[in-house]
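Asks: The structure file query-v4.txt (compact mmCIF, C-alpha atoms) is provided below.
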```txt
# COMPACT_ATOMS: atom_id res chain seq x y z
CA MET A 10 15.05 43.61 7.56
CA ILE A 11 13.36 41.39 4.97
CA GLU A 12 14.30 42.49 1.46
CA ARG A 13 12.32 41.51 -1.63
CA HIS A 14 13.40 41.86 -5.26
CA HIS A 15 11.49 41.52 -8.54
CA THR A 16 8.24 41.65 -6.60
CA ASN A 17 4.75 41.64 -8.10
CA ALA A 18 1.29 41.14 -6.63
CA ARG A 19 1.86 37.39 -6.31
CA MET A 20 5.41 36.83 -5.21
CA SER A 21 9.04 37.86 -5.28
CA MET A 22 11.86 36.30 -7.24
CA ILE A 23 14.36 36.93 -4.42
CA VAL A 24 13.78 37.28 -0.67
CA THR A 25 16.69 37.88 1.69
CA TYR A 26 16.75 38.30 5.45
CA PRO A 27 19.32 38.37 8.22
CA LEU A 28 19.75 35.12 10.12
CA SER A 29 18.76 36.74 13.40
CA GLY A 30 15.46 37.09 15.19
CA GLN A 31 13.03 34.21 14.97
CA MET A 32 11.82 31.78 12.31
CA ILE A 33 8.14 30.79 12.24
CA ARG A 34 7.25 27.66 10.28
CA LEU A 35 3.69 26.52 9.70
CA ALA A 36 2.55 23.05 8.68
CA GLY A 37 1.09 22.40 5.26
CA LEU A 38 -2.53 23.47 5.77
CA VAL A 39 -5.75 22.31 4.15
CA ALA A 40 -9.35 23.52 4.43
CA ASP A 41 -11.91 21.98 6.76
CA ASN A 42 -14.83 22.80 4.48
CA ARG A 43 -14.15 20.34 1.70
CA SER A 44 -17.37 21.17 -0.11
CA ALA A 45 -15.86 24.54 -1.06
CA ASP A 46 -14.23 25.01 -4.46
CA VAL A 47 -10.53 25.77 -4.78
CA ALA A 48 -11.11 29.51 -4.24
CA GLY A 49 -13.10 28.83 -1.08
CA GLN A 50 -10.56 26.31 0.22
CA THR A 51 -7.73 28.77 -0.50
CA ALA A 52 -9.55 31.53 1.39
CA GLU A 53 -10.11 29.27 4.38
CA ILE A 54 -6.46 28.19 4.44
CA LEU A 55 -5.23 31.79 4.22
CA GLY A 56 -7.46 32.64 7.16
CA LYS A 57 -5.88 29.81 9.15
CA ILE A 58 -2.45 31.12 8.23
CA ASP A 59 -3.37 34.59 9.48
CA GLY A 60 -4.46 33.06 12.77
CA PHE A 61 -1.38 30.91 13.27
CA LEU A 62 0.94 33.79 12.35
CA ALA A 63 -0.85 36.02 14.87
CA GLU A 64 -0.24 33.36 17.54
CA ALA A 65 3.45 33.54 16.70
CA GLY A 66 3.50 37.33 16.74
CA VAL A 67 3.89 38.07 13.03
CA THR A 68 1.64 38.96 10.09
CA ARG A 69 1.35 37.91 6.47
CA ALA A 70 3.69 40.82 5.63
CA GLU A 71 6.50 38.84 7.28
CA ILE A 72 6.05 35.68 5.20
CA VAL A 73 9.26 34.90 3.35
CA SER A 74 8.34 31.74 1.44
CA ALA A 75 5.31 29.71 0.41
CA TRP A 76 4.67 26.32 -1.17
CA ILE A 77 1.34 25.62 -2.77
CA TRP A 78 0.15 22.22 -3.93
CA LEU A 79 -2.90 21.93 -6.17
CA ALA A 80 -4.82 18.75 -6.82
CA ASP A 81 -5.51 20.02 -10.35
CA MET A 82 -3.25 22.58 -12.02
CA ALA A 83 -6.25 23.68 -14.07
CA THR A 84 -7.33 25.55 -10.90
CA PHE A 85 -4.10 27.59 -10.84
CA GLU A 86 -5.74 30.93 -11.71
CA GLN A 87 -8.69 30.44 -9.34
CA MET A 88 -6.28 29.86 -6.47
CA ASN A 89 -4.10 32.77 -7.57
CA ALA A 90 -7.01 35.22 -7.62
CA VAL A 91 -7.54 34.62 -3.90
CA TRP A 92 -3.82 34.47 -3.14
CA ASP A 93 -2.93 37.68 -5.01
CA ALA A 94 -5.63 39.66 -3.20
CA TRP A 95 -4.37 38.38 0.15
CA VAL A 96 -0.66 39.19 -0.26
CA PRO A 97 0.17 42.67 1.09
CA PRO A 98 1.41 44.83 -1.81
CA GLY A 99 5.19 44.77 -1.96
CA HIS A 100 5.45 41.81 0.43
CA GLY A 101 5.23 38.81 -1.86
CA PRO A 102 7.23 35.79 -0.64
CA VAL A 103 9.23 33.50 -2.87
CA ARG A 104 6.82 30.81 -3.97
CA ALA A 105 6.58 27.48 -5.72
CA CYS A 106 3.27 25.98 -6.83
CA VAL A 107 3.00 22.48 -8.30
CA GLY A 108 0.38 19.84 -8.81
CA ALA A 109 0.31 16.87 -6.43
CA ALA A 110 -1.95 14.17 -5.12
CA LEU A 111 -3.29 15.40 -1.77
CA ALA A 112 -4.31 13.42 1.31
CA GLN A 113 -8.01 13.12 0.44
CA PRO A 114 -9.81 13.45 -2.91
CA ASP A 115 -11.81 16.46 -1.73
CA ILE A 116 -8.70 18.40 -0.72
CA LEU A 117 -8.09 20.75 -3.65
CA VAL A 118 -5.21 22.83 -2.31
CA GLU A 119 -2.57 22.75 0.43
CA ILE A 120 -0.44 25.74 1.45
CA GLN A 121 2.64 25.97 3.65
CA VAL A 122 4.41 29.20 4.62
CA GLN A 123 7.36 30.43 6.63
CA ALA A 124 7.74 33.83 8.23
CA VAL A 125 10.53 35.71 9.96
CA LYS A 126 10.28 37.96 12.98
CA ALA A 127 13.07 40.52 12.89
CA GLY A 128 15.22 40.76 15.98
CA MET B 2 14.63 27.14 22.24
CA ILE B 3 12.41 25.35 19.72
CA GLU B 4 8.74 26.02 20.47
CA ARG B 5 5.92 23.91 19.12
CA HIS B 6 2.20 24.74 19.11
CA HIS B 7 -0.88 22.64 18.36
CA THR B 8 1.23 19.52 18.58
CA ASN B 9 -0.02 15.95 18.29
CA ALA B 10 1.71 12.60 17.82
CA ARG B 11 2.38 13.34 14.17
CA MET B 12 3.30 16.98 13.83
CA SER B 13 2.88 20.56 14.99
CA MET B 14 0.91 23.31 13.32
CA ILE B 15 3.49 25.95 14.33
CA VAL B 16 7.21 25.59 15.07
CA THR B 17 9.30 28.62 16.00
CA TYR B 18 12.99 28.89 16.84
CA PRO B 19 15.58 31.62 17.29
CA LEU B 20 17.75 32.30 14.27
CA SER B 21 20.91 31.45 16.18
CA GLY B 22 22.86 28.25 16.60
CA GLN B 23 23.08 25.92 13.64
CA MET B 24 20.77 24.66 10.89
CA ILE B 25 21.05 21.04 9.77
CA ARG B 26 19.48 20.15 6.43
CA LEU B 27 19.28 16.61 5.10
CA ALA B 28 18.70 15.55 1.51
CA GLY B 29 15.46 13.93 0.47
CA LEU B 30 16.10 10.30 1.45
CA VAL B 31 14.83 7.03 0.03
CA ALA B 32 15.20 3.42 1.13
CA ASP B 33 17.84 1.07 -0.25
CA ASN B 34 15.68 -2.01 0.22
CA ARG B 35 13.14 -1.42 -2.50
CA SER B 36 11.46 -4.77 -1.98
CA ALA B 37 10.07 -3.46 1.33
CA ASP B 38 6.54 -2.05 1.48
CA VAL B 39 5.92 1.58 2.34
CA ALA B 40 6.09 0.88 6.09
CA GLY B 41 9.42 -0.88 5.67
CA GLN B 42 10.82 1.82 3.41
CA THR B 43 9.67 4.50 5.86
CA ALA B 44 11.37 2.69 8.74
CA GLU B 45 14.62 2.40 6.79
CA ILE B 46 14.55 6.10 5.86
CA LEU B 47 13.87 7.16 9.45
CA GLY B 48 16.85 5.08 10.53
CA LYS B 49 19.02 6.89 7.99
CA ILE B 50 17.73 10.21 9.31
CA ASP B 51 18.69 9.22 12.85
CA GLY B 52 22.18 8.40 11.66
CA PHE B 53 22.70 11.59 9.68
CA LEU B 54 21.34 13.73 12.51
CA ALA B 55 23.73 12.01 14.93
CA GLU B 56 26.62 12.89 12.60
CA ALA B 57 25.50 16.52 12.81
CA GLY B 58 25.15 16.41 16.60
CA VAL B 59 21.37 16.53 16.94
CA THR B 60 18.52 14.08 17.42
CA ARG B 61 15.05 13.62 16.02
CA ALA B 62 13.76 15.77 18.88
CA GLU B 63 15.42 18.77 17.20
CA ILE B 64 13.71 18.31 13.83
CA VAL B 65 11.75 21.44 12.96
CA SER B 66 10.23 20.52 9.60
CA ALA B 67 9.63 17.52 7.36
CA TRP B 68 8.45 16.93 3.82
CA ILE B 69 7.15 13.54 2.81
CA TRP B 70 6.41 12.43 -0.74
CA LEU B 71 4.43 9.27 -1.35
CA ALA B 72 4.25 7.44 -4.66
CA ASP B 73 0.66 6.50 -3.77
CA MET B 74 -1.41 8.54 -1.34
CA ALA B 75 -3.37 5.38 -0.55
CA THR B 76 -0.36 4.41 1.58
CA PHE B 77 -0.70 7.55 3.74
CA GLU B 78 -1.80 5.73 6.89
CA GLN B 79 0.78 2.94 6.56
CA MET B 80 3.53 5.55 6.37
CA ASN B 81 1.99 7.53 9.21
CA ALA B 82 1.89 4.53 11.53
CA VAL B 83 5.67 4.24 11.32
CA TRP B 84 6.22 8.00 11.39
CA ASP B 85 3.97 8.63 14.40
CA ALA B 86 5.74 5.97 16.47
CA TRP B 87 9.11 7.49 15.61
CA VAL B 88 8.36 11.13 16.50
CA PRO B 89 9.29 11.90 20.13
CA PRO B 90 6.11 12.86 22.01
CA GLY B 91 5.72 16.63 22.07
CA HIS B 92 8.38 17.16 19.39
CA GLY B 93 6.44 16.93 16.15
CA PRO B 94 7.82 19.11 13.34
CA VAL B 95 5.72 21.06 10.91
CA ARG B 96 5.06 18.72 8.03
CA ALA B 97 3.68 18.51 4.54
CA CYS B 98 2.96 15.20 2.81
CA VAL B 99 1.87 14.99 -0.82
CA GLY B 100 1.81 12.46 -3.61
CA ALA B 101 4.49 12.67 -6.29
CA ALA B 102 6.21 10.59 -8.92
CA LEU B 103 9.50 9.41 -7.40
CA ALA B 104 12.82 8.66 -9.07
CA GLN B 105 12.23 4.93 -9.58
CA PRO B 106 9.00 2.92 -9.68
CA ASP B 107 9.98 0.86 -6.63
CA ILE B 108 10.59 3.95 -4.48
CA LEU B 109 7.40 4.30 -2.44
CA VAL B 110 8.32 7.17 -0.12
CA GLU B 111 10.88 9.96 0.17
CA ILE B 112 11.44 12.01 3.32
CA GLN B 113 13.40 15.22 3.89
CA VAL B 114 13.92 16.90 7.26
CA GLN B 115 15.58 19.92 8.79
CA ALA B 116 16.79 20.26 12.36
CA VAL B 117 18.13 23.07 14.51
CA LYS B 118 20.90 22.91 17.07
CA ALA B 119 20.36 25.60 19.67
CA GLY B 120 23.25 27.94 20.33
CA MET C 14 30.96 28.28 7.40
CA ILE C 15 28.76 25.98 5.32
CA GLU C 16 29.68 22.34 5.95
CA ARG C 17 28.75 19.52 3.59
CA HIS C 18 28.90 15.79 4.29
CA HIS C 19 28.57 12.74 2.03
CA THR C 20 28.99 14.98 -0.98
CA ASN C 21 29.15 13.86 -4.60
CA ALA C 22 28.92 15.70 -7.92
CA ARG C 23 25.17 16.10 -7.55
CA MET C 24 24.39 16.85 -3.94
CA SER C 25 25.19 16.38 -0.28
CA MET C 26 23.40 14.20 2.22
CA ILE C 27 23.94 16.73 5.04
CA VAL C 28 24.46 20.49 4.88
CA THR C 29 24.94 22.51 8.05
CA TYR C 30 25.49 26.23 8.53
CA PRO C 31 25.50 28.71 11.38
CA LEU C 32 22.30 30.68 11.83
CA SER C 33 24.08 33.97 11.30
CA GLY C 34 24.72 36.09 8.24
CA GLN C 35 21.98 36.22 5.61
CA MET C 36 19.56 33.81 3.98
CA ILE C 37 18.80 34.16 0.27
CA ARG C 38 15.68 32.42 -1.02
CA LEU C 39 14.74 32.27 -4.68
CA ALA C 40 11.32 31.53 -6.13
CA GLY C 41 10.66 28.30 -7.97
CA LEU C 42 11.97 29.14 -11.45
CA VAL C 43 10.99 27.91 -14.89
CA ALA C 44 12.43 28.51 -18.36
CA ASP C 45 11.13 31.16 -20.75
CA ASN C 46 12.08 29.15 -23.84
CA ARG C 47 9.46 26.45 -23.61
CA SER C 48 10.43 24.92 -26.95
CA ALA C 49 13.67 23.69 -25.34
CA ASP C 50 13.92 20.12 -24.06
CA VAL C 51 14.43 19.39 -20.39
CA ALA C 52 18.21 19.83 -20.67
CA GLY C 53 17.77 23.20 -22.34
CA GLN C 54 15.15 24.34 -19.85
CA THR C 55 17.39 23.23 -16.98
CA ALA C 56 20.33 25.19 -18.42
CA GLU C 57 18.20 28.32 -18.79
CA ILE C 58 16.90 28.03 -15.22
CA LEU C 59 20.40 27.54 -13.81
CA GLY C 60 21.49 30.67 -15.66
CA LYS C 61 18.64 32.58 -14.05
CA ILE C 62 19.69 31.26 -10.65
CA ASP C 63 23.26 32.47 -11.24
CA GLY C 64 21.92 35.92 -12.06
CA PHE C 65 19.60 36.17 -9.08
CA LEU C 66 22.27 34.91 -6.70
CA ALA C 67 24.69 37.51 -8.07
CA GLU C 68 22.10 40.19 -7.34
CA ALA C 69 22.01 38.97 -3.76
CA GLY C 70 25.79 38.85 -3.47
CA VAL C 71 26.37 35.08 -3.43
CA THR C 72 27.29 32.37 -5.92
CA ARG C 73 26.16 28.83 -6.64
CA ALA C 74 28.86 27.64 -4.23
CA GLU C 75 26.75 29.08 -1.37
CA ILE C 76 23.57 27.19 -2.26
CA VAL C 77 22.51 25.04 0.69
CA SER C 78 19.36 23.37 -0.64
CA ALA C 79 17.50 22.75 -3.87
CA TRP C 80 14.11 21.38 -4.87
CA ILE C 81 13.57 20.16 -8.39
CA TRP C 82 10.20 19.27 -9.89
CA LEU C 83 10.06 17.37 -13.17
CA ALA C 84 6.97 17.07 -15.36
CA ASP C 85 8.17 13.59 -16.33
CA MET C 86 10.50 11.57 -14.10
CA ALA C 87 11.75 9.79 -17.24
CA THR C 88 13.78 12.98 -17.88
CA PHE C 89 15.62 12.63 -14.53
CA GLU C 90 19.02 11.79 -16.04
CA GLN C 91 18.80 14.47 -18.75
CA MET C 92 18.16 17.10 -16.10
CA ASN C 93 20.88 15.65 -13.86
CA ALA C 94 23.52 15.81 -16.61
CA VAL C 95 23.09 19.58 -16.78
CA TRP C 96 22.72 19.98 -13.03
CA ASP C 97 25.78 17.88 -12.14
CA ALA C 98 28.01 19.88 -14.51
CA TRP C 99 26.76 23.13 -12.96
CA VAL C 100 27.31 22.28 -9.28
CA PRO C 101 30.78 23.41 -8.10
CA PRO C 102 32.75 20.33 -7.05
CA GLY C 103 32.43 19.79 -3.32
CA HIS C 104 29.55 22.27 -2.99
CA GLY C 105 26.49 20.13 -3.65
CA PRO C 106 23.40 21.25 -1.72
CA VAL C 107 20.92 18.93 -0.11
CA ARG C 108 18.35 18.19 -2.77
CA ALA C 109 14.99 16.60 -3.40
CA CYS C 110 13.67 15.91 -6.90
CA VAL C 111 10.15 14.62 -7.53
CA GLY C 112 7.65 14.49 -10.33
CA ALA C 113 4.78 16.98 -10.32
CA ALA C 114 2.29 18.64 -12.60
CA LEU C 115 3.70 22.06 -13.49
CA ALA C 116 1.91 25.30 -14.30
CA GLN C 117 1.83 24.84 -18.09
CA PRO C 118 2.14 21.69 -20.21
CA ASP C 119 5.33 22.93 -21.89
CA ILE C 120 7.10 23.54 -18.57
CA LEU C 121 9.30 20.47 -18.14
CA VAL C 122 11.24 21.40 -15.00
CA GLU C 123 11.07 23.87 -12.11
CA ILE C 124 13.97 24.53 -9.71
CA GLN C 125 14.07 26.39 -6.39
CA VAL C 126 17.21 27.05 -4.35
CA GLN C 127 18.29 28.69 -1.14
CA ALA C 128 21.72 30.11 -0.37
CA VAL C 129 23.48 31.45 2.70
CA LYS C 130 25.85 34.38 2.90
CA ALA C 131 28.20 33.90 5.82
CA GLY C 132 28.42 36.76 8.29
```
Show me, as structure tokens, the structure contained in the file I just sent.

Replies:
Amino acid sequence: MIERHHTNARMSMIVTYPLSGQMIRLAGLVADNRSADVAGQTAEILGKIDGFLAEAGVTRAEIVSAWIWLADMATFEQMNAVWDAWVPPGHGPVRACVGAALAQPDILVEIQVQAVKAG
Amino acid sequence: MIERHHTNARMSMIVTYPLSGQMIRLAGLVADNRSADVAGQTAEILGKIDGFLAEAGVTRAEIVSAWIWLADMATFEQMNAVWDAWVPPGHGPVRACVGAALAQPDILVEIQVQAVKAG
Amino acid sequence: MIERHHTNARMSMIVTYPLSGQMIRLAGLVADNRSADVAGQTAEILGKIDGFLAEAGVTRAEIVSAWIWLADMATFEQMNAVWDAWVPPGHGPVRACVGAALAQPDILVEIQVQAVKAG
């Protein structure tokens, strides 16, 4: 049902899906362990996403879009290394990642995703 | 129709809804009275949102997601005080709030929401 | 099917559409020619958007929302001049435009859009 075009290990350029079934939106999520570096915070956030998606009855393979905010764009590749390994091959969402001031100085990354349950 | 999980006075961690009915998207909104502080600008914006949602036939209880941009993250709690009082109990949307440069120096906050009309 | 309210050459304050048919989401896009100024980068990105939308079977007249990130908000009007000329009259999406650090120092603007194919 979800179609992805120009897809690599990180993301897709185009994601389309029928407007039927159910939309699952998650809040922008941050890590609880703020002593972790950006890779560790990313890993913790992605674990939270897995848990919340499971509650809603979908998996990371059903994610259609993601926004990522980094406190420091110099950490782009460190975040991406964790992200790329987490995305199921062939299921990259559309994505935008920009730098932004986050809610606390020790928050290094915030991630928000949306998923679709076919139906 | 709209289901919310892990909901507090501010927001929900998960919002799901059937892909049926109607989607209502509003532009990112700023205050007209730029001499107001961030609380005042937030209040004006939320009033605009109420008006636009009414035009589209929904209320703030049908908002499913919100993005908030603050010119200065040090004003996070001042904005939240107004926001939290405005959100109908039990109806918090998913939300992300980050710091960003806004279109004019006297714009302190910008808010964008989406709502769903069941059908 | 898509309804727009309070629409000018740039954008609409409200966009509504039935949750039926198909959603088309594009990734946040940047220009390849990084030696171009913000107007040139904007024009290149909008060309990419036209191409990706064509692949998905829609046009810029079906765009319902747009996010624009600028490396420097002082370039707001230069970007807008290109954007405004590109938006089909009467078809402005909801929009938010904020300043953000982008992935590389020579990336001056990033644009992400979503479109809806009625059905």

Asks: Taking into account all atoms listed in the file, which residue in the set B:Ala44, B:Ile15, B:Ala102, B:Leu109 is nearest to A:Leu38?

Replies: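 Among the listed residues, B:Ile15 lies closest to A:Leu38.
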
Asks: Using only C-alpha atoms, I'd like every residue of chain A that has an atom within 6 Å of chain B; please write them out as number ranges by chain.

Replies: A: 28-37, 109-111

Asks: Output C-alpha atoms for every residue in the selection just made, as a PDB file, in the coordinates of the input.

Replies:
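Printed below is out29.pdb as written:
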```pdb
ATOM      1  CA  LEU A  28      19.750  35.120  10.120  1.00  0.00           C
ATOM      2  CA  SER A  29      18.760  36.740  13.400  1.00  0.00           C
ATOM      3  CA  GLY A  30      15.460  37.090  15.190  1.00  0.00           C
ATOM      4  CA  GLN A  31      13.030  34.210  14.970  1.00  0.00           C
ATOM      5  CA  MET A  32      11.820  31.780  12.310  1.00  0.00           C
ATOM      6  CA  ILE A  33       8.140  30.790  12.240  1.00  0.00           C
ATOM      7  CA  ARG A  34       7.250  27.660  10.280  1.00  0.00           C
ATOM      8  CA  LEU A  35       3.690  26.520   9.700  1.00  0.00           C
ATOM      9  CA  ALA A  36       2.550  23.050   8.680  1.00  0.00           C
ATOM     10  CA  GLY A  37       1.090  22.400   5.260  1.00  0.00           C
ATOM     11  CA  ALA A 109       0.310  16.870  -6.430  1.00  0.00           C
ATOM     12  CA  ALA A 110      -1.950  14.170  -5.120  1.00  0.00           C
ATOM     13  CA  LEU A 111      -3.290  15.400  -1.770  1.00  0.00           C
TER      14      LEU A 111
END
```

Asks: Could you work out how far atom CA of C:Pro102 lies from atom CA of B:Ile108, giving the answer in Å with one decimal?

Replies: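 About the pair atom CA of B:Ile108 and atom CA of C:Pro102: they are 27.7 Å apart.
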
Asks: Nearest to A:Val47 among A:Val67, A:Val118, A:Ala124, A:Ala112, with distances taken over all atoms listed in the file: which residue is it?

Replies: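 Selected residue with least distance to A:Val47: A:Val118.
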
Asks: What is the atom CA of A:Gly101 to atom CA of C:Gln125 distance in Å?

Replies: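 Atom-to-atom, atom CA of A:Gly101 to atom CA of C:Gln125, that is 15.9 Å.
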